[in-house]
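**Student:** The following block contains the structure, expressed as structure tokens.
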Amino acid sequence: MRSSFVLPISAALFLLAVLAHLGFFDWARLSRGFRNLGILGADMVPPDLGILPVAGAALWETVEMSFAGTLLGFLASLPLSILGTRRLFSRWVSSLARFIAAGIRTIPVLLWAIVFVILVGLGPLAGTFGIAAYTVGYLAKIYADLFEGTDPEIMEAVQSTGASKLQLVRFVVMPEAANAVLAQVLFMLEYNIRASSILGFVGAGGLGFVIQIYLQNLDYRRLATVLLLVLVLVLLMDGISAWLRKRFLLSAHAA
Amino acid sequence: MTLNGGAPAALHAERLWFSFRNHDWVLKDVSLAIPAGKHTVIMGPSGTGKTTLLRVLAGLLKPNQGQVRVFGQPTQELKSRELSALVGYIPQQLGLVRNLSALENVLMGALGRLADSKALFGLFPRDEMDKARAALEMMGIEHKGSEQVFRLSGGERQRVAIARTLLQHPRIVVADEFASDLDLALASEILARIRRAAEQERITFIMSMHRIGLARQFGDAVLALRNGELAPGFIGNEILEIPSIEAPV
């Protein structure tokens with residue numbers, strides 16, 4: 001057998017074994033699933049629009065949480081990512097900054113939300129901090145890698161004007177990375193809007209609380225309304241970020 | 001070591017040896033003295049160590065052996081801001097920040113004189129702004145000041161890079177493969193402007209080039225670098241002269 005086949009064939013065999021272990025080949029169970037999908041779908045229509053005021057308020061809370069959390073996390077990620085840029089700081093400083101970011105990133109956003117519910121109590125404030133924390137861990141890593149990729153020739157040229165480290169960050173590193181920095185914040189905002197709609201499960205505010213109640217009560221017509229609202233929100237966010245990208249990022253592609 | 005009747009050399013390199021991580025020598029025992037005001041062009045085939053030599057001369061790379069003195073001061077003993085007051089450097093790709101305007105890029109030449117606090121907010125003193133505009137005007141692109149660099153043409157970018165070093169007020173400017181990408185007429189015009197600016201600001205230029213016509217137009221002296229050694233001799237069919245510069249022993 002040619003060695004180039006070994007990897008794909010072993011990957012395929014491994015996939016089959018894993019699927020069998022997970023119950024993928026339990027046909028009775030799968031067909032029951034399809035039947036239930038039909039029932040669930042039927043139970044969801046027509047969506048109960050009577051809860052729009054309640055769900056709308058929860059939705060707005062979700063938007064507030066994601067927006068504030070993303071911005072706070074973004075602001076905190078900037079100094080951390082700059083400290084994590086090996087080209088600017090010593091190995092010790094940059095490794096420590098990167099280690100902190102990795103530590104924060106290890107904890108999923110839902111766990112962060114639980115931590116902050118313990119720290120600041122139930123409600124959207126805990127969710128906001130949870131989102132901010134996860135955002136810091138993620139953006140600090142992405143940005144540090146991004147800043148490190150700054151064209152060394154530009155760094156050297158501006159350094160040779162006698163510019164200080166801070167001035168280098170302000171006049172070379174940030175402007176050179178500006179487009180990617182903005183693109184990542186927008187991505188993070190979209191991600192956080194989706195993520196924050198489940199933070200209510202642990203009492204951290206937003207839509208999740210409403211979703212959880214309707215789920216527990218098997219109230220699928222009301223659940224359908226909430227899910228539709230989330231869909232509208234995500235589509236709206238896609239539109240806004242597409243507009244922002246076009247407005248601010250397109251010009252850079254001409255370079 | 002004195003030249004020109006007692007005036008110290010603007011730049012004096014003494015027995016430079018350089019290698020990257022102890023591989024083969026890139027520079028082998030290079031010595032040269034460049035009198036103030038004597039624009040010098042360094043030529044040589046690619047891969048021969050021109051960029052490395054220029055970076056060592058500009059104080060950006062530390063030679064394994066030997067030293068570079070600028071107006072008598074060893075570059076290795078100078079702090080970054082002290083060095084920047086003496087030597088400006090323009091890399092081959094110019095090192096401009098593409099997302100910033102031409103004027104902002106020129107203003108970066110003043111960073112070595114400014115405290116962090118104000119410059120960080122983009123607040124440059126009025127006189128620096130005036131000087132930056134004057135530098136753009138001297139290079140003939142004052143009308144492009146607010147244009148972002150990535151929108152500028154190749155020739156305009158070269159002018160912005162020169163204007164930035166003019167604002168830095170160094171005594172020497174080291175430029176790598178300057179004007180190499182431009183067509184001959186444009187390169188010639190820009191080099192003529194640089195000579196005028198250099199005389200006005202009393203700056204000595206050291207440039208590497210690969211077009212001998214431009215080298216002769218611009219340089220008061222032309223040096224040849226071959227395999228890391230300074231060699232009077234041939235490039236192609238042309239004989240290079242090294243007028244009035246003697247490599248000190």
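Note on naming: chains are A, B, ... as they come in the structure tokens, residues start from 1 per chain, ligands start from 1 in the order shown.
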With only C-alpha atoms considered, list every residue of chain B at most 7 Å from chain A, as a list in words.
**Tutor:**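 Output check: Ser80, Arg81, Ser84, Gly88, Tyr89, Ile90, Pro91, Gly95, Leu96, Val97, Arg98, Asn99, Leu100, Met108, Gly109, Leu111, Gly112, Asp116, Leu120, Phe150 and Gln168 of chain B.
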**Student:** Using the selection just defined, write its residues with C-alpha atoms as a PDB file, in the first residue's frame.
**Tutor:**
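What follows is the written file selection_30.pdb:
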ATOM      1  CA  SER B  80      18.873  55.219  20.145  1.00  0.00           C
ATOM      2  CA  ARG B  81      17.840  58.902  20.300  1.00  0.00           C
ATOM      3  CA  SER B  84      18.795  59.097  15.422  1.00  0.00           C
ATOM      4  CA  GLY B  88      18.651  58.448   9.283  1.00  0.00           C
ATOM      5  CA  TYR B  89      17.856  55.155   7.580  1.00  0.00           C
ATOM      6  CA  ILE B  90      15.560  54.323   4.659  1.00  0.00           C
ATOM      7  CA  PRO B  91      15.131  50.604   3.973  1.00  0.00           C
ATOM      8  CA  GLY B  95       9.359  51.421   5.803  1.00  0.00           C
ATOM      9  CA  LEU B  96       6.323  53.691   5.524  1.00  0.00           C
ATOM     10  CA  VAL B  97       3.159  52.986   7.499  1.00  0.00           C
ATOM     11  CA  ARG B  98       0.627  52.307   4.760  1.00  0.00           C
ATOM     12  CA  ASN B  99      -2.561  53.187   6.640  1.00  0.00           C
ATOM     13  CA  LEU B 100      -1.321  56.589   7.760  1.00  0.00           C
ATOM     14  CA  MET B 108       7.379  60.308  12.454  1.00  0.00           C
ATOM     15  CA  GLY B 109      10.773  61.785  11.648  1.00  0.00           C
ATOM     16  CA  LEU B 111       9.430  61.245  17.152  1.00  0.00           C
ATOM     17  CA  GLY B 112      12.984  61.106  18.457  1.00  0.00           C
ATOM     18  CA  ASP B 116       5.543  60.149  24.611  1.00  0.00           C
ATOM     19  CA  LEU B 120       0.753  59.355  21.551  1.00  0.00           C
ATOM     20  CA  PHE B 150      -1.120  53.031   0.211  1.00  0.00           C
ATOM     21  CA  GLN B 168      14.592  63.852  11.480  1.00  0.00           C
TER      22      GLN B 168
END
**Student:** Quick one: residues within 12 Å of Ile240 in chain A, only C-alpha atoms counted, chain neighbours fewer than 5 positions away excluded, as a VMD selection string?
**Tutor:** chain A and resid 186 to 187 189 to 190 233 to 235 245 to 247
**Student:** Do you know which residues are at most 9 Å from Phe218 in chain B counting only C-alpha atoms, after dropping those on the same chain fewer than 4 positions away, and could you put them as a list of chain:residue names?
**Tutor:** B:His39, B:Thr40, B:Val41, B:Ser188, B:Leu191, B:Ala192, B:Ile194, B:Arg195, B:Gly213, B:Leu214
**Student:** Which distance in Å separates CA of Gly228 in chain B and CA of Arg15 in chain B, to one decimal?
**Tutor:** 11.9 Å
**Student:** Write out as a list in words each polymer residue whose atoms come within 9 Å of Val106 in chain B, counting only C-alpha atoms; drop sequence neighbours fewer than 5 positions from it.
**Tutor:**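 Using only C-alpha atoms, the neighbours found are Ser101, Ala132, Arg133, Ala135, Leu136, Gly145, Val160, Ala161, Ile162, Ala163, Arg164, Thr165, Leu166, Leu167 and Gln168 of chain B.
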**Student:** Residues of range 67-150 of chain A in helix (DSSP H, G or I) according to DSSP, as an NGL selection string?
**Tutor:** :A and (67-83 or 91-106 or 109-120 or 124-148)
**Student:** Could those selected residues go to a file with C-alpha atoms, as a PDB file, in the first residue's frame?
**Tutor:**
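So the final result, stored in out08.pdb, reads:
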ATOM      1  CA  PHE A  67     -21.883  45.008  23.166  1.00  0.00           C
ATOM      2  CA  ALA A  68     -20.539  46.117  26.549  1.00  0.00           C
ATOM      3  CA  GLY A  69     -18.749  42.813  27.162  1.00  0.00           C
ATOM      4  CA  THR A  70     -17.076  42.843  23.752  1.00  0.00           C
ATOM      5  CA  LEU A  71     -15.909  46.447  24.119  1.00  0.00           C
ATOM      6  CA  LEU A  72     -14.616  45.983  27.667  1.00  0.00           C
ATOM      7  CA  GLY A  73     -12.826  42.804  26.629  1.00  0.00           C
ATOM      8  CA  PHE A  74     -11.388  44.521  23.579  1.00  0.00           C
ATOM      9  CA  LEU A  75     -10.016  47.421  25.637  1.00  0.00           C
ATOM     10  CA  ALA A  76      -8.449  45.057  28.151  1.00  0.00           C
ATOM     11  CA  SER A  77      -6.992  42.836  25.426  1.00  0.00           C
ATOM     12  CA  LEU A  78      -4.981  45.681  23.853  1.00  0.00           C
ATOM     13  CA  PRO A  79      -2.404  46.207  26.630  1.00  0.00           C
ATOM     14  CA  LEU A  80      -2.182  42.458  27.223  1.00  0.00           C
ATOM     15  CA  SER A  81      -1.560  41.729  23.544  1.00  0.00           C
ATOM     16  CA  ILE A  82       1.022  44.510  23.267  1.00  0.00           C
ATOM     17  CA  LEU A  83       2.866  43.077  26.271  1.00  0.00           C
ATOM     18  CA  ARG A  91      10.803  36.955  26.408  1.00  0.00           C
ATOM     19  CA  TRP A  92       9.791  37.021  30.085  1.00  0.00           C
ATOM     20  CA  VAL A  93       7.231  39.775  29.768  1.00  0.00           C
ATOM     21  CA  SER A  94       5.715  38.468  26.551  1.00  0.00           C
ATOM     22  CA  SER A  95       5.564  34.863  27.791  1.00  0.00           C
ATOM     23  CA  LEU A  96       3.840  35.960  31.004  1.00  0.00           C
ATOM     24  CA  ALA A  97       1.277  38.029  29.072  1.00  0.00           C
ATOM     25  CA  ARG A  98       0.616  35.156  26.686  1.00  0.00           C
ATOM     26  CA  PHE A  99       0.324  32.723  29.588  1.00  0.00           C
ATOM     27  CA  ILE A 100      -2.304  34.927  31.253  1.00  0.00           C
ATOM     28  CA  ALA A 101      -4.258  35.165  27.991  1.00  0.00           C
ATOM     29  CA  ALA A 102      -4.080  31.386  27.529  1.00  0.00           C
ATOM     30  CA  GLY A 103      -5.289  30.858  31.102  1.00  0.00           C
ATOM     31  CA  ILE A 104      -8.288  33.131  30.551  1.00  0.00           C
ATOM     32  CA  ARG A 105      -9.042  31.449  27.237  1.00  0.00           C
ATOM     33  CA  THR A 106      -9.045  27.980  28.774  1.00  0.00           C
ATOM     34  CA  VAL A 109     -17.673  31.645  28.432  1.00  0.00           C
ATOM     35  CA  LEU A 110     -20.439  29.755  30.271  1.00  0.00           C
ATOM     36  CA  LEU A 111     -18.065  28.957  33.145  1.00  0.00           C
ATOM     37  CA  TRP A 112     -16.924  32.584  33.262  1.00  0.00           C
ATOM     38  CA  ALA A 113     -20.568  33.586  33.565  1.00  0.00           C
ATOM     39  CA  ILE A 114     -21.004  31.215  36.538  1.00  0.00           C
ATOM     40  CA  VAL A 115     -17.866  32.647  38.162  1.00  0.00           C
ATOM     41  CA  PHE A 116     -19.199  36.179  37.823  1.00  0.00           C
ATOM     42  CA  VAL A 117     -22.671  35.200  39.040  1.00  0.00           C
ATOM     43  CA  ILE A 118     -20.879  34.057  42.194  1.00  0.00           C
ATOM     44  CA  LEU A 119     -18.814  37.267  42.334  1.00  0.00           C
ATOM     45  CA  VAL A 120     -21.385  39.973  41.468  1.00  0.00           C
ATOM     46  CA  PRO A 124     -26.779  40.817  33.139  1.00  0.00           C
ATOM     47  CA  LEU A 125     -23.766  42.379  34.899  1.00  0.00           C
ATOM     48  CA  ALA A 126     -22.367  38.887  35.501  1.00  0.00           C
ATOM     49  CA  GLY A 127     -22.988  38.023  31.848  1.00  0.00           C
ATOM     50  CA  THR A 128     -21.254  41.198  30.702  1.00  0.00           C
ATOM     51  CA  PHE A 129     -18.142  40.394  32.743  1.00  0.00           C
ATOM     52  CA  GLY A 130     -18.215  36.796  31.555  1.00  0.00           C
ATOM     53  CA  ILE A 131     -18.264  37.888  27.931  1.00  0.00           C
ATOM     54  CA  ALA A 132     -15.556  40.460  28.587  1.00  0.00           C
ATOM     55  CA  ALA A 133     -13.317  37.838  30.185  1.00  0.00           C
ATOM     56  CA  TYR A 134     -13.673  35.375  27.331  1.00  0.00           C
ATOM     57  CA  THR A 135     -13.117  38.186  24.813  1.00  0.00           C
ATOM     58  CA  VAL A 136      -9.876  39.227  26.529  1.00  0.00           C
ATOM     59  CA  GLY A 137      -8.480  35.706  26.350  1.00  0.00           C
ATOM     60  CA  TYR A 138      -9.347  35.303  22.709  1.00  0.00           C
ATOM     61  CA  LEU A 139      -8.440  38.746  21.364  1.00  0.00           C
ATOM     62  CA  ALA A 140      -5.208  39.069  23.365  1.00  0.00           C
ATOM     63  CA  LYS A 141      -3.886  35.943  21.667  1.00  0.00           C
ATOM     64  CA  ILE A 142      -5.041  36.915  18.172  1.00  0.00           C
ATOM     65  CA  TYR A 143      -3.756  40.476  18.521  1.00  0.00           C
ATOM     66  CA  ALA A 144      -0.376  39.481  19.957  1.00  0.00           C
ATOM     67  CA  ASP A 145       0.183  37.203  16.954  1.00  0.00           C
ATOM     68  CA  LEU A 146      -1.030  39.958  14.665  1.00  0.00           C
ATOM     69  CA  PHE A 147       1.230  42.632  16.188  1.00  0.00           C
ATOM     70  CA  GLU A 148       4.166  40.287  16.026  1.00  0.00           C
TER      71      GLU A 148
END
**Student:** Identify all residues of range 69-160 of chain B in strand (DSSP E) (DSSP on the backbone) and supply them as a ChimeraX atom specification.
**Tutor:** /B:69-70,73-74,87-90
**Student:** Suppose you want the space between CA of Ile51 in chain A and CA of Arg222 in chain A; what is it in Å?
**Tutor:** 6.9 Å
**Student:** Which residues come within 12 Å of Ser153 in chain B, counting only C-alpha atoms, excluding same-chain residues fewer than 5 positions away, as a list in words?
**Tutor:**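 So the residues in contact are Ala255 of chain A; Arg98, Ala102, Ile141, Lys144, Glu147, Gln148, Gln158, Arg159, Val160, Asp181, Leu182 and Leu186 of chain B.
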**Student:** Between CA of Gly72 in chain B and CA of His12 in chain B, what distance in Å does the model show, to one decimal?
**Tutor:**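 Distance between the two atoms: 7.8 Å.
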